[in-house]
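A.B. asks: This is the content of input-v1.cif (mmCIF, C-alpha atoms and all ligand atoms):
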```cif
data_model
loop_
_atom_site.label_atom_id
_atom_site.label_comp_id
_atom_site.auth_asym_id
_atom_site.auth_seq_id
_atom_site.Cartn_x
_atom_site.Cartn_y
_atom_site.Cartn_z
CA MET R 1 -14.47 -70.01 89.57
CA CYS R 2 -14.91 -66.23 89.22
CA ALA R 3 -12.12 -65.56 91.68
CA ALA R 4 -9.80 -67.90 89.79
CA GLY R 5 -10.70 -66.22 86.48
CA ARG R 6 -10.17 -62.72 87.84
CA ALA R 7 -6.83 -63.77 89.27
CA ARG R 8 -5.78 -64.61 85.74
CA GLY R 9 -6.76 -61.18 84.45
CA HIS R 10 -10.22 -61.93 83.02
CA ASP R 11 -13.04 -59.46 83.63
CA LEU R 12 -15.48 -61.97 85.13
CA HIS R 13 -18.67 -61.15 87.06
CA CYS R 14 -20.82 -63.61 89.00
CA ASP R 15 -24.40 -63.03 89.94
CA PRO R 16 -25.32 -65.42 92.77
CA ALA R 17 -29.02 -64.54 92.29
CA ASP R 18 -29.37 -66.42 89.03
CA CYS R 19 -26.02 -68.26 89.18
CA SER R 20 -24.87 -66.51 85.99
CA VAL R 21 -21.29 -65.70 85.02
CA SER R 22 -20.50 -62.92 82.56
CA LEU R 23 -17.23 -62.15 80.84
CA ARG R 24 -16.70 -58.59 79.69
CA LEU R 25 -14.46 -58.17 76.66
CA ALA R 26 -12.54 -55.10 75.66
CA ALA R 27 -14.37 -52.75 73.30
CA PRO R 28 -13.39 -53.33 69.68
CA ARG R 29 -10.52 -51.10 68.59
CA PRO R 30 -11.18 -48.60 65.83
CA PRO R 31 -10.12 -50.03 62.48
CA ARG R 32 -6.47 -49.38 61.56
CA PRO R 33 -5.98 -46.72 58.93
CA ALA R 34 -5.66 -48.22 55.48
CA PRO R 35 -2.07 -48.55 54.22
CA ALA R 36 -0.96 -45.87 51.83
CA GLY R 37 -1.70 -46.51 48.18
CA PRO R 38 0.90 -45.92 45.50
CA ALA R 39 -0.81 -42.66 44.55
CA ASP R 40 -0.31 -41.32 48.11
CA VAL R 41 3.49 -41.43 47.91
CA ALA R 42 5.26 -39.46 45.18
CA ALA R 43 8.46 -40.77 43.63
CA PRO R 44 11.65 -39.76 45.49
CA PRO R 45 13.68 -37.01 43.77
CA MET R 46 16.62 -38.09 41.62
CA ASP R 47 18.26 -34.72 40.97
CA ARG R 48 19.18 -33.45 44.43
CA LEU R 49 21.13 -34.75 47.39
CA LEU R 50 18.89 -36.22 50.09
CA LYS R 51 19.96 -35.42 53.62
CA ALA R 52 19.96 -38.23 56.20
CA ALA R 53 16.86 -36.81 57.92
CA GLU R 54 15.03 -36.83 54.58
CA VAL R 55 16.08 -40.42 53.94
CA ALA R 56 14.52 -41.42 57.28
CA GLY R 57 11.28 -39.74 56.14
CA TRP R 58 11.39 -41.59 52.82
CA VAL R 59 11.91 -44.92 54.61
CA ARG R 60 8.82 -44.19 56.72
CA ARG R 61 6.70 -43.17 53.72
CA LEU R 62 7.84 -45.99 51.45
CA GLY R 63 7.36 -48.45 54.32
CA ARG R 64 3.65 -47.65 54.27
CA LEU R 65 3.29 -48.77 50.65
CA PRO R 66 1.82 -52.22 50.00
CA ASP R 67 4.37 -55.03 50.29
CA VAL R 68 7.15 -52.73 51.49
CA CYS R 69 8.60 -52.85 54.99
CA GLY R 70 10.94 -50.17 56.36
CA TRP R 71 12.83 -50.75 59.60
CA ARG R 72 15.90 -49.80 61.56
CA ALA R 73 18.40 -52.54 60.79
CA GLY R 74 21.25 -51.24 62.93
CA SER R 75 23.22 -48.30 64.27
CA THR R 76 26.50 -46.64 63.52
CA TRP R 77 29.53 -46.04 65.73
CA GLN R 78 28.05 -42.67 66.70
CA GLY R 79 24.57 -44.10 67.23
CA ARG R 80 22.85 -42.99 64.01
CA PRO R 81 20.21 -45.31 62.56
CA VAL R 82 20.87 -47.47 59.52
CA TRP R 83 17.63 -48.26 57.70
CA ALA R 84 16.52 -51.21 55.63
CA LEU R 85 13.70 -51.41 53.12
CA GLU R 86 12.32 -54.71 51.95
CA ALA R 87 9.93 -55.25 49.06
CA ALA R 88 8.34 -58.68 48.85
CA LEU R 89 4.81 -59.78 48.03
CA GLY R 90 2.99 -60.48 51.25
CA GLY R 91 4.98 -57.84 53.14
CA ALA R 92 8.31 -58.98 54.42
CA GLY R 93 8.61 -58.65 58.16
CA LYS R 94 4.85 -58.79 58.60
CA MET R 95 2.73 -61.95 58.90
CA VAL R 96 4.64 -64.02 56.35
CA SER R 97 7.23 -66.73 56.48
CA LEU R 98 10.54 -65.18 55.54
CA PRO R 99 12.28 -68.55 54.94
CA ARG R 100 9.48 -69.42 52.52
CA LEU R 101 9.77 -66.08 50.69
CA ARG R 102 13.50 -66.35 50.25
CA LEU R 103 13.33 -70.02 49.30
CA LEU R 104 10.70 -69.75 46.60
CA LYS R 105 11.97 -66.55 44.94
CA PRO R 106 15.48 -65.24 44.32
CA THR R 107 16.44 -62.07 46.18
CA LEU R 108 18.44 -59.03 45.12
CA LEU R 109 20.19 -57.18 47.96
CA VAL R 110 21.08 -53.58 47.14
CA ASN R 111 23.57 -51.77 49.35
CA ALA R 112 23.82 -48.01 48.88
CA ARG R 113 26.21 -45.37 50.16
CA HIS R 114 28.99 -47.42 51.71
CA HIS R 115 31.12 -44.39 50.84
CA ALA R 116 29.17 -41.36 51.95
CA ASN R 117 30.46 -38.92 49.32
CA GLU R 118 29.28 -41.23 46.51
CA ILE R 119 25.87 -39.75 46.74
CA SER R 120 23.63 -40.98 43.92
CA SER R 121 23.07 -44.54 45.14
CA THR R 122 20.70 -43.35 47.89
CA ASN R 123 18.43 -41.63 45.35
CA ALA R 124 18.55 -44.76 43.19
CA ALA R 125 17.81 -47.14 46.09
CA LEU R 126 14.76 -45.18 47.24
CA ALA R 127 13.50 -44.80 43.66
CA LEU R 128 13.89 -48.55 43.16
CA VAL R 129 11.69 -49.35 46.18
CA TRP R 130 9.12 -46.81 45.01
CA GLU R 131 9.04 -48.34 41.52
CA LEU R 132 8.64 -51.83 42.98
CA ALA R 133 5.63 -50.76 45.03
CA ALA R 134 3.99 -48.16 42.81
CA THR R 135 4.47 -49.14 39.17
CA GLU R 136 3.18 -51.95 36.99
CA TRP R 137 6.74 -53.08 36.29
CA GLY R 138 7.42 -53.33 40.04
CA ARG R 139 4.25 -55.21 40.88
CA ALA R 140 5.04 -57.77 38.15
CA ALA R 141 8.68 -58.03 39.28
CA LEU R 142 7.72 -58.76 42.89
CA LYS R 143 5.76 -61.82 41.79
CA ARG R 144 9.11 -63.42 40.96
CA VAL R 145 11.79 -61.63 42.99
CA ASN R 146 12.31 -60.22 46.51
CA VAL R 147 14.33 -57.05 46.96
CA ALA R 148 16.10 -55.87 50.13
CA VAL R 149 17.74 -52.45 50.23
CA VAL R 150 20.08 -50.57 52.57
CA PRO R 151 19.54 -47.01 51.27
CA LEU R 152 22.22 -45.26 53.35
CA GLU R 153 24.74 -47.56 54.98
CA ASN R 154 27.38 -45.10 56.16
CA ALA R 155 25.28 -42.68 58.20
CA ASP R 156 28.27 -41.29 60.16
CA GLY R 157 30.09 -40.52 56.92
CA VAL R 158 26.98 -38.75 55.66
CA ALA R 159 26.98 -36.58 58.81
CA THR R 160 30.55 -35.53 57.92
CA LEU R 161 29.46 -34.86 54.34
CA GLU R 162 26.57 -32.68 55.49
CA ALA R 163 28.93 -30.72 57.75
CA LEU R 164 31.46 -30.14 54.95
CA LEU R 165 29.16 -29.50 52.00
CA PRO R 166 28.07 -25.92 52.82
CA GLY R 167 31.66 -24.69 52.64
CA ALA R 168 32.82 -26.87 49.75
CA ALA R 169 29.90 -27.58 47.46
CA ASP R 170 32.10 -28.30 44.43
CA HIS R 171 34.57 -30.59 46.15
CA LYS R 172 34.65 -34.36 45.99
CA LEU R 173 34.88 -34.50 49.80
CA HIS R 174 36.89 -37.66 50.26
CA ALA R 175 37.07 -36.82 53.97
CA ALA R 176 33.46 -38.01 54.11
CA ARG R 177 34.21 -41.25 52.30
CA TYR R 178 34.83 -43.41 55.37
CA ASN R 179 33.17 -43.76 58.77
CA ALA R 180 33.30 -41.58 61.90
CA LEU R 181 36.85 -42.68 62.65
CA GLY R 182 37.99 -42.29 59.04
CA VAL R 183 38.26 -46.05 58.59
CA GLU R 184 37.35 -48.28 55.65
CA TRP R 185 35.33 -51.17 57.11
CA TYR R 186 34.74 -53.44 54.14
CA GLY R 187 36.77 -56.16 55.83
CA ASP R 188 34.59 -56.09 58.94
CA TYR R 189 31.64 -57.68 57.11
CA PHE R 190 33.22 -61.08 57.51
CA SER R 191 34.53 -60.64 61.03
CA ASP R 192 32.85 -62.37 63.98
CA ALA R 193 33.49 -59.24 66.04
CA PRO R 194 33.33 -56.26 63.66
CA ARG R 195 35.00 -53.10 64.96
CA PHE R 196 32.07 -50.89 63.94
CA PRO R 197 28.35 -51.56 64.41
CA GLU R 198 27.55 -50.23 60.92
CA ALA R 199 29.46 -53.24 59.56
CA ARG R 200 26.76 -55.55 60.95
CA VAL R 201 23.87 -54.29 58.81
CA LYS R 202 24.75 -55.62 55.36
CA PRO R 203 25.73 -59.10 56.67
CA ALA R 204 22.52 -59.18 58.74
CA LEU R 205 20.44 -58.45 55.65
CA TRP R 206 22.48 -61.04 53.75
CA ARG R 207 21.77 -63.72 56.39
CA ARG R 208 18.10 -62.71 56.50
CA TRP R 209 17.54 -63.01 52.73
CA LEU R 210 20.41 -65.17 51.38
CA PRO R 211 20.37 -63.06 48.21
CA ARG R 212 21.19 -64.61 44.84
CA ILE R 213 22.81 -61.36 43.69
CA VAL R 214 24.16 -58.42 45.71
CA LEU R 215 24.49 -54.98 44.13
CA ASP R 216 26.85 -52.62 45.94
CA ALA R 217 26.41 -49.15 44.45
CA HIS R 218 29.45 -46.84 44.52
CA GLY R 219 30.90 -43.82 42.75
CA VAL R 220 34.09 -42.08 41.69
CA PRO R 221 34.96 -38.36 41.48
CA SER R 222 33.29 -36.48 38.66
CA HIS R 223 35.53 -33.42 38.88
CA GLU R 224 38.21 -31.74 41.01
CA TRP R 225 40.73 -34.41 40.12
CA ASP R 226 44.28 -34.18 41.41
CA GLN R 227 46.15 -32.26 38.76
CA PRO R 228 49.07 -33.70 36.81
CA PHE R 229 52.43 -32.18 37.89
CA SER R 230 50.89 -31.16 41.22
CA GLY R 231 53.35 -33.44 42.98
CA TYR R 232 50.54 -35.46 44.50
CA ALA R 233 49.29 -38.87 43.44
CA PRO R 234 47.59 -40.93 46.16
CA GLY R 235 48.95 -44.44 45.84
CA ARG R 236 45.79 -46.48 46.07
CA PHE R 237 43.78 -44.10 43.91
CA ARG R 238 46.32 -43.44 41.15
CA PRO R 239 44.24 -45.19 38.46
CA TYR R 240 41.33 -42.93 39.41
CA TRP R 241 43.13 -39.75 38.39
CA ILE R 242 40.62 -39.26 35.57
CA PRO R 243 37.17 -40.88 35.06
CA ARG R 244 37.37 -43.97 32.90
CA ALA R 245 33.65 -44.09 32.09
CA PHE R 246 30.39 -42.55 33.21
CA ILE R 247 29.33 -45.91 34.62
CA TYR R 248 31.18 -49.19 34.92
CA ALA R 249 30.81 -52.41 36.85
CA VAL R 250 33.12 -54.65 38.86
CA ILE R 251 32.08 -58.30 38.67
CA PRO R 252 33.80 -61.21 40.46
CA PHE R 253 35.00 -64.30 38.55
CA LEU R 254 35.30 -62.43 35.22
CA ASP R 255 39.00 -63.28 35.20
CA ARG R 256 38.64 -66.78 36.67
CA PRO R 257 37.80 -69.21 33.83
CA ASP R 258 38.20 -72.10 36.27
CA HIS R 259 35.51 -70.79 38.64
CA PRO R 260 31.89 -72.07 38.37
CA GLY R 261 30.71 -68.44 38.46
CA HIS R 262 32.76 -67.42 35.40
CA ALA R 263 30.11 -67.94 32.70
CA GLY R 264 27.49 -66.29 34.90
CA ALA R 265 29.73 -63.24 35.37
CA HIS R 266 29.88 -62.69 31.62
CA GLU R 267 26.14 -63.24 31.33
CA LEU R 268 25.51 -60.56 33.96
CA ALA R 269 27.81 -58.15 32.13
CA ARG R 270 25.74 -58.61 28.97
CA VAL R 271 22.47 -58.12 30.89
CA MET R 272 23.63 -54.81 32.37
CA ALA R 273 25.16 -53.57 29.10
CA ARG R 274 21.92 -54.25 27.21
CA ALA R 275 19.90 -52.32 29.80
CA LEU R 276 22.23 -49.30 29.72
CA ALA R 277 22.21 -49.29 25.91
CA GLY R 278 18.63 -48.06 26.23
CA GLU R 279 19.83 -44.87 27.98
CA PRO R 280 21.19 -42.56 25.22
CA GLU R 281 22.30 -39.74 27.57
CA ILE R 282 24.30 -42.17 29.70
CA GLU R 283 25.81 -43.79 26.60
CA ALA R 284 26.89 -40.41 25.19
CA LEU R 285 28.62 -39.42 28.45
CA ASP R 286 30.23 -42.85 28.65
CA ARG R 287 31.74 -42.43 25.18
CA GLU R 288 32.99 -38.92 25.93
CA LEU R 289 34.69 -39.82 29.21
CA GLY R 290 36.08 -43.07 27.76
CA SER R 291 37.68 -41.21 24.87
CA ARG R 292 39.38 -38.65 27.18
CA TYR R 293 40.61 -41.41 29.46
CA ARG R 294 42.16 -43.33 26.58
CA ARG R 295 43.93 -40.24 25.24
CA TYR R 296 45.28 -38.80 28.46
CA ALA R 297 45.75 -41.87 30.67
CA ARG R 298 45.40 -45.37 29.26
CA ASN R 299 47.41 -44.80 26.05
CA LEU R 300 50.25 -43.12 27.94
CA ALA R 301 50.49 -45.43 30.97
CA PRO R 302 48.65 -48.69 30.32
CA ASP R 303 50.24 -50.34 33.35
CA THR R 304 48.62 -47.80 35.68
CA PHE R 305 45.27 -47.27 33.98
CA PRO R 306 43.02 -50.28 33.24
CA PRO R 307 40.98 -50.48 30.03
CA ALA R 308 38.40 -47.78 29.35
CA ALA R 309 34.76 -47.69 28.35
CA SER R 310 34.14 -49.11 24.91
CA LYS R 311 30.95 -49.53 22.90
CA THR R 312 29.28 -51.46 25.67
CA LEU R 313 29.41 -51.24 29.44
CA MET R 314 32.93 -51.48 30.80
CA VAL R 315 33.29 -54.37 33.24
CA LEU R 316 36.31 -55.19 35.35
CA ALA R 317 37.33 -57.95 37.73
CA PRO R 318 37.77 -56.78 41.35
CA GLU R 319 41.13 -55.34 42.38
CA ASP R 320 43.14 -57.58 44.70
CA ARG R 321 42.55 -55.29 47.71
CA ILE R 322 38.76 -55.83 47.62
CA GLY R 323 38.49 -59.14 45.76
CA GLY R 324 38.26 -61.25 48.91
CA LEU R 325 35.70 -58.97 50.58
CA ASN R 326 32.87 -59.85 48.22
CA PHE R 327 29.82 -61.83 49.31
CA ALA R 328 29.91 -63.94 46.14
CA VAL R 329 33.59 -64.77 46.62
CA ARG R 330 33.01 -65.64 50.27
CA ARG R 331 29.56 -67.22 50.04
CA PHE R 332 29.36 -68.81 46.56
CA PRO R 333 27.05 -70.38 45.39
CA VAL R 334 24.39 -69.01 47.78
CA THR R 335 25.29 -65.62 46.31
CA VAL R 336 26.49 -66.07 42.75
CA SER R 337 27.60 -62.49 42.18
CA GLU R 338 28.19 -59.29 44.12
CA ILE R 339 28.42 -56.53 41.56
CA ILE R 340 29.85 -53.08 42.25
CA THR R 341 28.53 -50.28 40.08
CA GLU R 342 30.56 -47.07 39.85
CA VAL R 343 29.23 -43.76 38.50
CA THR R 344 30.88 -40.34 38.45
CA ASP R 345 28.93 -38.84 41.35
CA GLU R 346 31.50 -37.34 43.78
CA VAL R 347 29.81 -34.82 44.34
CA VAL R 348 27.29 -33.79 41.68
CA SER R 349 23.86 -32.22 41.62
CA GLY R 350 21.02 -31.54 39.22
CA ARG R 351 21.00 -33.30 35.85
CA LEU R 352 24.29 -35.13 36.41
CA LEU R 353 23.12 -36.48 39.76
CA ALA R 354 19.87 -37.65 38.16
CA LEU R 355 21.82 -39.42 35.40
CA CYS R 356 24.14 -41.10 37.92
CA ALA R 357 21.15 -42.29 39.97
CA ARG R 358 19.47 -43.49 36.77
CA GLY R 359 22.59 -45.52 35.94
CA HIS R 360 22.43 -47.39 39.28
CA LEU R 361 18.65 -47.76 38.98
CA THR R 362 18.81 -49.13 35.42
CA VAL R 363 21.33 -51.78 36.48
CA ALA R 364 19.26 -52.77 39.54
CA LYS R 365 16.09 -53.13 37.46
CA ALA R 366 17.94 -55.16 34.82
CA LEU R 367 19.21 -57.54 37.51
CA ILE R 368 15.70 -57.91 38.95
CA ASP R 369 14.28 -58.68 35.49
CA PHE R 370 17.10 -61.14 34.93
CA LEU R 371 16.44 -62.95 38.22
CA GLY R 372 12.72 -62.94 37.45
CA ARG R 373 13.25 -64.63 34.08
CA ARG R 374 14.90 -67.62 35.69
CA GLY R 375 12.61 -70.56 36.36
CA PRO R 376 11.24 -70.57 39.88
CA GLY R 377 12.69 -73.97 40.78
CA ARG R 378 10.85 -77.08 41.89
CA LEU R 379 9.82 -78.92 45.04
CA ASP R 380 11.20 -82.46 45.26
CA ARG R 381 9.43 -85.07 47.40
CA ALA R 382 11.19 -88.20 48.63
CA HIS R 383 9.78 -91.08 50.70
CA PRO R 384 12.65 -92.71 52.59
CA GLU R 385 12.33 -96.41 53.54
CA SER R 386 12.49 -95.44 57.19
CA GLY R 387 9.19 -93.64 56.70
CA GLY R 388 8.22 -90.00 56.61
CA LEU R 389 8.55 -87.49 53.81
CA ILE R 390 11.50 -85.35 52.78
CA LEU R 391 10.78 -82.11 50.95
CA ALA R 392 13.62 -80.29 49.17
CA TRP R 393 13.55 -77.14 47.08
CA ARG R 394 15.74 -77.27 43.96
CA PRO R 395 16.49 -73.85 42.47
CA ALA R 396 16.33 -73.46 38.71
CA ALA R 397 19.34 -74.73 36.78
CA GLY R 398 21.81 -72.30 35.28
CA GLY R 399 24.99 -70.56 36.27
CA VAL R 400 23.36 -67.55 37.85
ZN ZN V 501 32.92 -46.39 46.86
#
```
As structure tokens, how would this structure be written, given the file I've shared?
Ligand SMILES: [Zn+2]
C.D. replies:
Amino acid sequence: MCAAGRARGHDLHCDPADCSVSLRLAAPRPPRPAPAGPADVAAPPMDRLLKAAEVAGWVRRLGRLPDVCGWRAGSTWQGRPVWALEAALGGAGKMVSLPRLRLLKPTLLVNARHHANEISSTNAALALVWELAATEWGRAALKRVNVAVVPLENADGVATLEALLPGAADHKLHAARYNALGVEWYGDYFSDAPRFPEARVKPALWRRWLPRIVLDAHGVPSHEWDQPFSGYAPGRFRPYWIPRAFIYAVIPFLDRPDHPGHAGAHELARVMARALAGEPEIEALDRELGSRYRRYARNLAPDTFPPAASKTLMVLAPEDRIGGLNFAVRRFPVTVSEIITEVTDEVVSGRLLALCARGHLTVAKALIDFLGRRGPGRLDRAHPESGGLILAWRPAAGGV
């Protein structure tokens, strides 16, 4: 018996003298260090650009907070890591059932930094995870909502940005907008064989969480605009010659009264506008930029320049070129809306960067509160005649 036990890796000893058998167990391991408490991790900075190496450090630190999980969700074309952070009560990715988490609570998926020179969304995404783990608001929110975050999606673009910035600190650096090959890869999200590995991360997080709402945080130039009469007007970006607002949002189905997501789109616009109305500095900048845009662009060439910021948050329907590349358009009603937020952050620092990041953060928190206010749904039980029991989860009623 001892020989058979030892052959299977057990530390067995037999003493023929008294016919005893003893089994030696491994010494107990020292207890694991306690997870970091909220007080051990300071809030990420909002007013300075975070380099990719710093973002990796923040993912590690935030991942040690209760109910936050940080992990490498993929790689880029050039082999750089793309991180994910998940905040869910019980600790997503640890000893919990992910299908249960995503079934019983709605999820918000936040994607930051698809365009690497639109810098403020990374600060906002990290600050959001910190607030979820370390503040009273966040702890209450996580009782009703899960949040998954990609804090820096385009890591190759960020490497280009970091190479260019020292010599051109005041430039908008559109060369760092796309990936390592200078390619826009929005369309690859929905391809079975995406050309670039970085295009796999957001869809993987989408499949993992089946988010009710996706927030894709972007930006537009804040300065160094192409000058009128310079003889240069890039075709696709002509309407972006001058900022139209400090922050605005692109929401699908706004212009589709026949679509079941239409009423929900308007509801989401009101939710975000109400939240931003509580930010007087953002409102003042919004008014100023909106007024300039109307005078120098919209009033002169309304066919080129869409409407400007008004008293409330400006919302637009997606342009044709990106309209079909939206998770809500492609995956409705699992995802009822994928909202793009745009702030004037190419490339800003200091107070302006902090305000841009606060704009993204305010919208994300408003969407989390909104999802949390919805009823949790109900569990239906059915007893079919053939026997057995069928359980089905019915999400709360309502457009969104
Ligand atoms: Zn963008």
A.B. asks: Using all atoms listed in the file, find each residue with an atom at most 8 Å away from ligand ZN 501 (chain V) and format the answer as JSON, numbers by chain.
C.D. replies: {"R": [113, 114, 115, 118, 177, 217, 218, 219, 220, 342]}
A.B. asks: Excluding region 60-65 of chain R and its own-chain neighbours fewer than 3 positions away, which residues fall within 12 Å of it when counting all atoms listed in the file? Please give them as a PyMOL selection string.
C.D. replies: chain R and resi 33-44+53-57+68-72+83-94+125-135+139+149+151
A.B. asks: Filtering to C-alpha atoms, could you give me those residues as a short mmCIF file (atom, residue, chain, number, x, y, z; two decimals), in the frame of the given file?
C.D. replies:
```cif
data_model
loop_
_atom_site.label_atom_id
_atom_site.label_comp_id
_atom_site.auth_asym_id
_atom_site.auth_seq_id
_atom_site.Cartn_x
_atom_site.Cartn_y
_atom_site.Cartn_z
CA PRO R 33 -5.98 -46.72 58.93
CA ALA R 34 -5.66 -48.22 55.48
CA PRO R 35 -2.07 -48.55 54.22
CA ALA R 36 -0.96 -45.87 51.83
CA GLY R 37 -1.70 -46.51 48.18
CA PRO R 38 0.90 -45.92 45.50
CA ALA R 39 -0.81 -42.66 44.55
CA ASP R 40 -0.31 -41.32 48.11
CA VAL R 41 3.49 -41.43 47.91
CA ALA R 42 5.26 -39.46 45.18
CA ALA R 43 8.46 -40.77 43.63
CA PRO R 44 11.65 -39.76 45.49
CA ALA R 53 16.86 -36.81 57.92
CA GLU R 54 15.03 -36.83 54.58
CA VAL R 55 16.08 -40.42 53.94
CA ALA R 56 14.52 -41.42 57.28
CA GLY R 57 11.28 -39.74 56.14
CA VAL R 68 7.15 -52.73 51.49
CA CYS R 69 8.60 -52.85 54.99
CA GLY R 70 10.94 -50.17 56.36
CA TRP R 71 12.83 -50.75 59.60
CA ARG R 72 15.90 -49.80 61.56
CA TRP R 83 17.63 -48.26 57.70
CA ALA R 84 16.52 -51.21 55.63
CA LEU R 85 13.70 -51.41 53.12
CA GLU R 86 12.32 -54.71 51.95
CA ALA R 87 9.93 -55.25 49.06
CA ALA R 88 8.34 -58.68 48.85
CA LEU R 89 4.81 -59.78 48.03
CA GLY R 90 2.99 -60.48 51.25
CA GLY R 91 4.98 -57.84 53.14
CA ALA R 92 8.31 -58.98 54.42
CA GLY R 93 8.61 -58.65 58.16
CA LYS R 94 4.85 -58.79 58.60
CA ALA R 125 17.81 -47.14 46.09
CA LEU R 126 14.76 -45.18 47.24
CA ALA R 127 13.50 -44.80 43.66
CA LEU R 128 13.89 -48.55 43.16
CA VAL R 129 11.69 -49.35 46.18
CA TRP R 130 9.12 -46.81 45.01
CA GLU R 131 9.04 -48.34 41.52
CA LEU R 132 8.64 -51.83 42.98
CA ALA R 133 5.63 -50.76 45.03
CA ALA R 134 3.99 -48.16 42.81
CA THR R 135 4.47 -49.14 39.17
CA ARG R 139 4.25 -55.21 40.88
CA VAL R 149 17.74 -52.45 50.23
CA PRO R 151 19.54 -47.01 51.27
#
```
A.B. asks: Closest to Asp255 (chain R) among R:Phe305, R:Ser191, R:Asp320, R:Ala204, using all atoms listed in the file?
C.D. replies: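 Under the stated criterion, the closest residue is R:Asp320.
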A.B. asks: Adding 8 Å on each side of the box along x, y and z that holds all listed atoms of region 332-338 of chain R, could you give its centre and edge lengths in Å to one decimal, as JSON?
C.D. replies:
```
{"center_x": 26.9, "center_y": -64.8, "center_z": 45.0, "size_x": 21.0, "size_y": 27.1, "size_z": 21.6}
```
A.B. asks: What is the distance, in Å and to one decimal place, between CA of Ala116 (chain R) and CA of Leu254 (chain R)?
C.D. replies: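 Computed distance, CA of Ala116 (chain R) to CA of Leu254 (chain R), equals 27.6 Å.
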A.B. asks: For Gly278 (chain R), which residue out of R:Arg207, R:Arg358, R:His174, R:Arg212 is the nearest one, using all atoms listed in the file?
C.D. replies: R:Arg358
A.B. asks: Quick one: of R:Gly359, R:Gly167, R:Pro252, R:Gly290, who's nearest to His266 (chain R), counting all atoms listed in the file?
C.D. replies: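 Answer, going by the shortest atom-to-atom distance: R:Pro252.
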A.B. asks: Excluding Val271 (chain R) and residues on its chain fewer than 6 positions from it, collect all residues at most 10 Å away from it, counting all atoms listed in the file, and give them as a list of chain:residue names.
C.D. replies: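 So, after excluding close chain neighbours, the residues are R:Ala265, R:Leu313, R:Val363, R:Ala366, R:Leu367, R:Asp369, R:Phe370.
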A.B. asks: Check the smallest atom-to-atom distance from each of R:Glu338, R:Asp380, R:Glu346, R:Glu283 to Ile213 (chain R) using all atoms listed in the file, then report the winner.
C.D. replies: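 Closest residue, counting all atoms listed in the file: R:Glu338.
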A.B. asks: Choose the residue, out of R:Ala357, R:Val347, R:Leu49, R:Ala4, that has the smallest atom-to-atom separation from His223 (chain R); count all atoms listed in the file.
C.D. replies: R:Val347
A.B. asks: Work out how far CA of Val250 (chain R) is from CA of Leu300 (chain R), in Å to one decimal.
C.D. replies: 23.4 Å
